[in-house]
>>> print(open('data.txt').read())   # compact mmCIF, C-alpha atoms
# COMPACT_ATOMS: atom_id res chain seq x y z
CA MET B 1 140.93 197.17 13.47
CA SER B 2 143.74 196.68 15.95
CA THR B 3 146.42 199.31 16.05
CA SER B 4 148.72 197.64 18.54
CA ASP B 5 151.16 196.52 15.84
CA ASP B 6 150.85 199.71 13.85
CA PRO B 7 154.30 200.47 12.39
CA LEU B 8 153.52 204.18 12.44
CA ALA B 9 152.30 204.29 16.02
CA ASP B 10 153.09 207.69 17.51
CA PRO B 11 155.22 207.09 20.59
CA VAL B 12 154.74 210.61 21.86
CA SER B 13 151.89 211.25 24.24
CA ASP B 14 151.38 214.96 24.08
CA SER B 15 148.53 216.13 26.26
CA LEU B 16 149.12 219.67 25.06
CA ALA B 17 148.30 218.59 21.52
CA ASP B 18 144.97 217.19 22.64
CA SER B 19 144.03 220.34 24.48
CA LEU B 20 144.67 222.80 21.67
CA ALA B 21 141.94 224.21 19.47
CA ASP B 22 141.32 222.96 15.97
CA PRO B 23 144.53 223.55 14.00
CA LEU B 24 142.54 223.79 10.78
CA ALA B 25 141.05 227.04 12.07
CA ASP B 26 144.48 228.57 12.59
CA PRO B 27 145.26 231.29 10.01
CA ARG B 28 148.62 229.65 9.35
CA TRP B 29 146.81 226.59 7.99
CA GLU B 30 146.20 228.51 4.77
CA GLN B 31 149.92 228.04 4.10
CA VAL B 32 149.40 224.28 4.26
CA ARG B 33 146.50 224.48 1.83
CA ALA B 34 148.67 226.55 -0.50
CA ALA B 35 151.43 223.96 -0.28
CA ALA B 36 148.91 221.25 -1.20
CA ARG B 37 147.99 223.16 -4.34
CA VAL B 38 151.56 223.30 -5.61
CA ARG B 39 151.98 221.01 -8.58
CA VAL B 40 154.77 218.45 -8.29
CA PRO B 41 156.09 217.69 -11.77
CA THR B 42 156.84 214.08 -12.61
CA PRO B 43 160.47 213.75 -13.69
CA PRO B 44 160.73 213.53 -17.47
CA GLY B 45 160.97 209.94 -18.61
CA LEU B 46 160.04 208.39 -15.26
CA VAL B 47 156.99 206.58 -16.65
CA GLY B 48 159.09 205.21 -19.49
CA ARG B 49 161.78 204.04 -17.09
CA VAL B 50 159.19 202.31 -14.91
CA LEU B 51 157.70 200.59 -17.95
CA ARG B 52 161.13 199.39 -19.03
CA SER B 53 161.87 198.04 -15.54
CA VAL B 54 158.55 196.24 -15.33
CA GLY B 55 159.05 194.92 -18.86
CA GLY B 56 162.49 193.77 -17.82
CA ILE B 57 161.32 191.58 -14.97
CA ARG B 58 158.21 190.19 -16.60
CA GLY B 59 160.03 189.36 -19.84
CA ARG B 60 158.20 189.03 -23.07
CA LEU B 61 156.03 186.03 -23.58
CA THR B 62 157.05 185.93 -27.22
CA THR B 63 160.77 185.92 -26.48
CA ARG B 64 162.62 182.65 -26.08
CA PRO B 65 164.98 182.33 -23.10
CA LEU B 66 168.52 183.52 -23.68
CA GLU B 67 170.98 180.85 -24.69
CA LEU B 68 174.41 181.70 -23.38
CA PRO B 69 177.49 179.86 -24.69
CA PHE B 70 178.84 177.48 -22.12
CA GLU B 71 181.82 175.14 -22.24
CA GLY B 72 180.57 171.78 -23.49
CA GLY B 73 177.01 172.98 -24.08
CA SER B 74 174.81 175.97 -23.49
CA LEU B 75 173.10 177.69 -20.58
CA THR B 76 169.49 178.77 -20.90
CA VAL B 77 168.36 181.70 -18.74
CA THR B 78 165.12 183.64 -18.93
CA GLU B 79 165.29 187.36 -19.64
CA ARG B 80 163.66 187.99 -16.28
CA VAL B 81 166.49 186.28 -14.38
CA VAL B 82 169.13 188.28 -16.21
CA ALA B 83 167.26 191.56 -15.68
CA VAL B 84 166.68 190.97 -11.96
CA LEU B 85 170.32 189.99 -11.42
CA ALA B 86 171.57 192.95 -13.43
CA ARG B 87 169.31 195.39 -11.62
CA LYS B 88 170.53 194.28 -8.21
CA LEU B 89 174.20 194.25 -9.21
CA ALA B 90 174.05 197.59 -11.04
CA LYS B 91 172.51 199.29 -8.02
CA GLU B 92 175.23 197.90 -5.75
CA PHE B 93 178.01 199.09 -8.06
CA ALA B 94 176.42 202.52 -8.51
CA LEU B 95 176.05 202.96 -4.76
CA ALA B 96 179.66 201.98 -4.19
CA ALA B 97 180.89 204.34 -6.93
CA GLY B 98 178.90 207.31 -5.64
CA GLY B 99 177.34 209.98 -7.83
CA VAL B 100 175.65 207.42 -10.07
CA HIS B 101 172.01 206.37 -9.78
CA VAL B 102 170.47 203.45 -11.68
CA SER B 103 167.10 204.46 -13.10
CA ALA B 104 166.12 201.32 -14.98
CA VAL B 105 167.44 197.99 -16.21
CA ALA B 106 165.77 196.10 -19.03
CA MET B 107 166.48 193.39 -21.56
CA GLU B 108 165.84 194.57 -25.08
CA SER B 109 166.60 192.59 -28.23
CA GLY B 110 168.87 190.23 -26.35
CA ALA B 111 170.98 192.99 -24.81
CA LEU B 112 170.95 194.58 -21.37
CA GLU B 113 170.07 198.26 -21.31
CA VAL B 114 170.99 200.13 -18.13
CA LEU B 115 169.73 203.71 -17.68
CA VAL B 116 171.58 205.86 -15.16
CA THR B 117 171.70 209.44 -13.96
CA VAL B 118 174.94 210.99 -12.75
CA ARG B 119 175.60 213.75 -10.26
CA PHE B 120 176.84 217.03 -11.71
CA GLY B 121 180.63 216.96 -11.72
CA VAL B 122 180.93 213.20 -12.17
CA SER B 123 182.56 212.12 -15.44
CA ALA B 124 179.61 210.53 -17.20
CA GLY B 125 181.66 208.56 -19.71
CA ALA B 126 184.04 207.14 -17.14
CA ALA B 127 181.23 206.27 -14.73
CA ALA B 128 179.19 204.54 -17.43
CA ASP B 129 182.19 202.61 -18.70
CA ALA B 130 183.17 201.49 -15.19
CA LEU B 131 179.61 200.37 -14.48
CA ARG B 132 179.41 198.49 -17.77
CA ARG B 133 182.69 196.65 -17.13
CA GLN B 134 181.83 195.82 -13.51
CA LEU B 135 178.36 194.64 -14.42
CA THR B 136 179.58 192.48 -17.29
CA ALA B 137 182.20 190.84 -15.09
CA ALA B 138 179.81 190.26 -12.20
CA LEU B 139 177.14 188.78 -14.45
CA ALA B 140 179.69 186.47 -16.05
CA ASP B 141 180.69 185.37 -12.56
CA GLN B 142 177.10 184.82 -11.43
CA LEU B 143 175.94 183.07 -14.59
CA GLY B 144 179.13 181.13 -15.24
CA ALA B 145 178.90 182.10 -18.89
CA PRO B 146 179.44 185.23 -20.98
CA PRO B 147 176.43 187.50 -20.35
CA PRO B 148 174.51 189.40 -23.01
CA PRO B 149 176.03 192.70 -24.18
CA VAL B 150 175.60 195.50 -21.64
CA SER B 151 174.88 199.10 -22.69
CA VAL B 152 174.83 201.91 -20.15
CA HIS B 153 172.92 205.07 -21.05
CA VAL B 154 173.35 208.28 -19.09
CA VAL B 155 169.85 209.79 -19.25
CA ASP B 156 170.08 212.73 -16.85
CA VAL B 157 172.31 214.77 -14.57
CA HIS B 158 171.21 215.52 -11.03
CA PRO B 159 172.47 218.44 -8.93
CA ARG B 160 175.26 218.09 -6.38
CA MET F 1 140.72 218.65 -0.50
CA ASP F 2 138.68 220.89 1.74
CA ASP F 3 138.23 223.61 -0.86
CA ALA F 4 137.15 221.30 -3.69
CA PRO F 5 134.62 223.15 -5.83
CA ASP F 6 132.01 220.42 -6.24
CA PRO F 7 132.18 217.45 -3.88
CA THR F 8 129.41 215.54 -5.70
CA ALA F 9 131.09 215.78 -9.08
CA ARG F 10 134.38 214.88 -7.48
CA ALA F 11 132.86 211.78 -5.85
CA THR F 12 131.32 210.67 -9.14
CA ALA F 13 134.59 211.13 -11.00
CA SER F 14 136.37 209.23 -8.27
CA ARG F 15 133.91 206.32 -8.53
CA ASP F 16 134.31 206.20 -12.31
CA ALA F 17 138.08 206.23 -12.02
CA ALA F 18 137.96 203.44 -9.43
CA ALA F 19 135.78 201.30 -11.70
CA ARG F 20 138.11 201.93 -14.63
CA ASP F 21 141.16 201.03 -12.53
CA GLY F 22 139.45 197.85 -11.30
CA LYS F 23 138.85 196.70 -14.86
CA LEU F 24 142.42 197.49 -15.87
CA LEU F 25 143.79 195.59 -12.90
CA ALA F 26 141.62 192.55 -13.64
CA ARG F 27 142.89 192.53 -17.22
CA ALA F 28 146.48 192.98 -16.02
CA ALA F 29 146.10 190.06 -13.61
CA GLY F 30 144.90 188.02 -16.56
CA GLY F 31 148.15 188.67 -18.39
CA ASP F 32 147.29 191.79 -20.38
CA HIS F 33 150.51 193.77 -20.23
CA SER F 34 149.02 196.84 -21.87
CA ALA F 35 146.45 197.11 -19.07
CA PHE F 36 149.20 197.15 -16.45
CA ASP F 37 151.12 199.70 -18.51
CA ALA F 38 148.00 201.90 -18.54
CA LEU F 39 147.87 201.76 -14.74
CA VAL F 40 151.55 202.76 -14.62
CA ARG F 41 150.91 205.76 -16.86
CA GLN F 42 147.85 206.78 -14.88
CA HIS F 43 149.20 206.47 -11.34
CA THR F 44 152.94 207.12 -11.53
CA PRO F 45 152.63 210.92 -11.10
CA LYS F 46 150.78 210.68 -7.80
CA MET F 47 152.95 207.82 -6.57
CA TYR F 48 156.04 209.94 -7.26
CA ARG F 49 154.46 212.89 -5.47
CA VAL F 50 153.76 210.82 -2.36
CA ALA F 51 157.21 209.24 -2.41
CA LEU F 52 158.87 212.65 -2.83
CA ARG F 53 156.89 214.21 0.02
CA ILE F 54 157.69 211.34 2.37
CA THR F 55 161.36 210.85 1.49
CA GLY F 56 162.17 214.47 0.56
CA SER F 57 164.55 213.28 -2.14
CA ALA F 58 163.86 213.08 -5.87
CA ALA F 59 166.36 210.27 -6.41
CA GLU F 60 164.93 208.22 -3.55
CA ALA F 61 161.40 208.93 -4.71
CA GLU F 62 162.22 207.56 -8.17
CA ASP F 63 163.60 204.39 -6.59
CA VAL F 64 160.55 204.05 -4.39
CA VAL F 65 158.22 204.40 -7.38
CA GLN F 66 160.13 201.87 -9.45
CA GLU F 67 160.18 199.36 -6.62
CA ALA F 68 156.52 200.00 -5.85
CA TRP F 69 155.53 199.14 -9.40
CA LEU F 70 157.71 196.05 -9.45
CA SER F 71 156.09 194.94 -6.17
CA SER F 72 152.65 195.70 -7.55
CA TRP F 73 153.31 193.66 -10.65
CA ARG F 74 154.48 190.71 -8.55
CA ALA F 75 151.42 191.03 -6.30
CA LEU F 76 148.87 191.28 -9.10
CA ALA F 77 147.59 187.75 -8.69
CA GLY F 78 147.01 188.29 -4.97
CA PHE F 79 144.96 191.49 -5.29
CA ARG F 80 141.53 190.75 -3.81
CA HIS F 81 139.60 193.89 -4.79
CA GLU F 82 138.84 194.57 -1.12
CA SER F 83 140.11 198.11 -1.58
CA ALA F 84 140.27 200.48 -4.52
CA VAL F 85 143.25 200.05 -6.83
CA SER F 86 144.44 203.58 -6.07
CA THR F 87 144.27 202.91 -2.31
CA TRP F 88 146.28 199.73 -2.81
CA LEU F 89 148.89 201.64 -4.83
CA TYR F 90 149.03 204.40 -2.22
CA ARG F 91 149.70 201.69 0.38
CA VAL F 92 152.44 200.07 -1.69
CA VAL F 93 154.24 203.36 -2.36
CA THR F 94 153.80 204.62 1.21
CA ASN F 95 155.24 201.43 2.66
CA GLY F 96 158.08 201.59 0.16
CA ALA F 97 158.87 205.19 1.05
CA LEU F 98 158.80 204.36 4.77
CA ALA F 99 161.17 201.45 4.19
CA HIS F 100 163.55 203.79 2.36
CA VAL F 101 163.45 206.37 5.14
CA ARG F 102 164.18 203.69 7.73
CA ARG F 103 167.05 202.21 5.72
CA ARG F 104 168.90 205.51 5.59
CA ARG F 105 172.43 205.53 6.76
CA PRO F 106 172.90 206.78 10.29
CA THR F 107 175.91 208.80 9.18
CA VAL F 108 176.04 211.42 6.47
CA SER F 109 178.78 211.80 3.92
CA LEU F 110 180.17 215.22 3.03
CA ASP F 111 178.63 214.87 -0.44
CA ASP F 112 175.18 214.66 1.08
CA VAL F 113 175.39 217.88 3.06
CA ARG F 114 173.40 220.58 1.35
CA PRO F 115 173.93 224.32 1.59
CA GLY F 116 172.45 225.66 4.81
CA GLY F 117 173.49 222.63 6.81
CA GLU F 118 170.66 220.34 5.78
CA GLU F 119 171.41 216.68 5.66
CA TYR F 120 170.34 214.47 2.78
CA GLY F 121 168.22 212.29 4.99
CA ARG F 122 166.37 215.19 6.55
CA SER F 123 166.18 217.42 3.53
CA PRO F 124 162.52 218.08 2.93
CA LEU F 125 162.67 219.10 -0.64
CA ASP F 126 164.46 218.54 -3.84
CA GLY F 127 165.24 221.35 -6.24
CA ALA F 128 162.46 220.23 -8.57
CA LEU F 129 159.85 220.65 -5.88
CA LEU F 130 161.09 224.09 -4.94
CA ALA F 131 161.19 225.11 -8.56
CA ALA F 132 157.62 223.94 -8.99
CA ALA F 133 156.52 225.96 -6.00
CA GLN F 134 158.09 229.05 -7.42
CA ALA F 135 156.91 228.53 -11.00
CA SER F 136 153.26 227.59 -10.51
CA PRO F 137 150.55 230.26 -10.48
CA GLU F 138 149.66 229.43 -6.88
CA GLY F 139 153.29 229.68 -5.87
CA GLN F 140 153.40 233.17 -7.29
CA VAL F 141 150.30 234.27 -5.40
CA VAL F 142 151.21 232.77 -2.05
CA ARG F 143 154.85 233.50 -1.50
CA ALA F 144 157.01 230.58 -2.54
CA GLU F 145 158.98 230.77 0.68
CA GLN F 146 155.82 230.17 2.69
CA VAL F 147 155.10 227.02 0.70
CA ASP F 148 158.71 226.02 1.11
CA ALA F 149 158.43 226.56 4.86
CA VAL F 150 155.41 224.28 5.10
CA LEU F 151 157.01 221.49 3.10
CA ARG F 152 160.20 221.77 5.12
CA ALA F 153 158.22 221.68 8.35
CA ILE F 154 156.31 218.58 7.23
CA ALA F 155 159.53 216.89 6.23
CA GLY F 156 160.95 217.65 9.66
CA LEU F 157 158.15 215.80 11.44
CA GLU F 158 158.45 212.24 12.69
CA VAL F 159 157.32 209.82 9.99
CA SER F 160 154.41 208.76 12.19
CA GLN F 161 153.06 212.30 11.78
CA ARG F 162 154.47 213.12 8.35
CA VAL F 163 152.84 210.25 6.47
CA PRO F 164 149.22 210.86 7.48
CA LEU F 165 149.71 214.59 6.91
CA VAL F 166 151.03 214.01 3.41
CA LEU F 167 148.18 211.68 2.53
CA ARG F 168 145.40 213.79 4.06
CA GLU F 169 146.54 217.40 3.75
CA LEU F 170 148.70 217.30 0.62
CA GLU F 171 147.13 214.44 -1.34
CA GLY F 172 143.59 215.21 -0.21
CA LEU F 173 142.58 211.62 0.61
CA SER F 174 139.54 211.15 2.84
CA TYR F 175 139.99 210.02 6.45
CA GLU F 176 138.65 206.60 5.46
CA GLU F 177 141.10 206.30 2.58
CA VAL F 178 144.10 207.32 4.69
CA ALA F 179 143.03 204.90 7.42
CA GLU F 180 142.84 202.13 4.84
CA VAL F 181 146.25 202.97 3.38
CA LEU F 182 147.86 203.00 6.82
CA GLU F 183 145.75 200.08 8.09
CA VAL F 184 144.59 201.90 11.22
CA SER F 185 141.14 202.75 12.50
CA VAL F 186 139.59 206.09 11.56
CA PRO F 187 139.45 207.29 15.22
CA ALA F 188 143.13 206.41 15.64
CA LEU F 189 143.95 208.27 12.44
CA ARG F 190 141.97 211.35 13.48
CA SER F 191 143.82 211.45 16.77
CA ARG F 192 147.20 211.12 15.08
CA LEU F 193 146.34 213.73 12.49
CA HIS F 194 145.32 216.18 15.17
CA ARG F 195 148.70 215.77 16.87
CA ALA F 196 150.46 216.04 13.54
CA ARG F 197 148.64 219.27 12.68
CA VAL F 198 149.49 220.75 16.05
CA ALA F 199 153.12 219.71 15.63
CA LEU F 200 153.20 221.23 12.14
CA LEU F 201 151.82 224.55 13.36
CA ALA F 202 154.40 224.57 16.14
CA LYS F 203 157.16 224.06 13.59
CA LEU F 204 155.78 226.83 11.40
CA ARG F 205 155.74 229.11 14.47
CA GLU F 206 159.38 228.20 15.19
CA GLN F 207 160.41 229.20 11.67
CA ARG F 208 159.15 232.75 12.10
>>> encode(input="data.txt", output="structure tokens")
Amino acid sequence: MSTSDDPLADPVSDSLADSLADPLADPRWEQVRAAARVRVPTPPGLVGRVLRSVGGIRGRLTTRPLELPFEGGSLTVTERVVAVLARKLAKEFALAAGGVHVSAVAMESGALEVLVTVRFGVSAGAAADALRRQLTAALADQLGAPPPPVSVHVVDVHPR
Amino acid sequence: MDDAPDPTARATASRDAAARDGKLLARAAGGDHSAFDALVRQHTPKMYRVALRITGSAAEAEDVVQEAWLSSWRALAGFRHESAVSTWLYRVVTNGALAHVRRRRPTVSLDDVRPGGEEYGRSPLDGALLAAAQASPEGQVVRAEQVDAVLRAIAGLEVSQRVPLVLRELEGLSYEEVAEVLEVSVPALRSRLHRARVALLAKLREQR
């Protein structure tokens, strides 16, 4: 296998490294083995958030596309389109606001559910409300029709 | 890992798990959502662990994992069973974590500066990881600060050295598996790992 286009190619040519004895035999390597044995807990709810996100973009085969009211007719949009748009927009708004992190976005029962975590010290209610308003307005702009109801849920607080 | 109690039993379990994953993935590619959900439940913990150890940030690691699963779902139809499902997922999450590390802002806001002068982008650990080190039985036997020092040292390495170290030394993948994840030859990987190990020991020496 060619390694010439390897994105991780080590640019440093360190002849000293090649000449040293086996690092695995160094007594300090036991510290590395100990570090490998440390359990890394999965954040509570992460699997659920992933499942909601995946469910959001694949949509449900049994669910009909959303029909949004439109002047002189109606606009039909699949759940997947709305969820992908909402996910991208919500992340942009959260990044701009600071202290808010979007964990998952999913369409459930015709409504958009946005799960966020906030940094300690950030007003959760104000941040969630701002995100909900910004997201609703941006979706209305993108879709050209009133979007589905948006609910923002603050699911965790992360340290400063 | 090197001190695994029974390599034969471990290899058998690994083969069984690979076969099970292959069946789940085939069903998922055929439109069975519950099969894909089962893969998510099974593999998310290790994908998070890899993402956390490469990015050094719990929030970034969560993003990486979410995006990795979304990418995996989109790529289901194209999976050719040329590698094990777990290897494929390791590759997806590793590439995602690398992309996150490379997208980091060149400047650091005041909010991102941690006590002790560490910057968000270079911070090796999140509080959860440190807490785990201190709370686990192993962490109590081997001093937590030693474990912390190792993880900080790994996080301080160039990504070209950090990634193979994480996959081989912390995740316990074989040389062949790491080479497959990183799409390099085994001799090239061995050479890079040797340099990475030497660099890691040098950093540990510096911390004394």
>>> closest_residue(input="data.txt", among="F:Ser174, F:Thr12, F:Gln161, F:Gln207", to="chain B", atoms="only C-alpha atoms")
F:Gln161
>>> closest_residue(input="data.txt", among="F:Leu204, F:Ala13, F:Leu193, F:Leu70", to="Leu151 in chain F", atoms="all atoms listed in the file")
F:Leu204
>>> closest_residue(input="data.txt", among="B:Ala35, B:Val77, B:Leu112, B:Val47", to="Ala38 in chain F", atoms="all atoms listed in the file")
B:Val47
>>> closest_residue(input="data.txt", among="B:Ala128, B:Val100, B:Ala21, B:Ala145", to="Leu66 in chain B", atoms="only C-alpha atoms")
B:Ala145
>>> closest_residue(input="data.txt", among="F:Tyr90, F:Tyr175, F:Phe79, F:Trp69", to="chain B", atoms="all atoms listed in the file")
F:Trp69
>>> closest_residue(input="data.txt", among="F:Ala26, F:Leu182, F:Ala17, F:Leu76", to="chain B", atoms="only C-alpha atoms")
F:Leu182
>>> interface_residues(input="data.txt", of="chain F", to="chain B", cutoff="8 Å", atoms="all atoms listed in the file", output="ChimeraX atom specification")
/F:37,40-41,44-45,48-49,59,62-63,65-66,69-70,73,111,128-129,132-133,136,138-139,142,146-148,150-151,159-161,169-171,183-185,188,192,194-195,197-199,201,204
>>> residues_around(input="data.txt", residues="Ala86 in chain B", least_positions_apart="5", cutoff="12 Å", atoms="all atoms listed in the file", output="ChimeraX atom specification")
/B:53,56-57,79-81,91-94,102,104-107,111-115,131-132,134-143,147-152
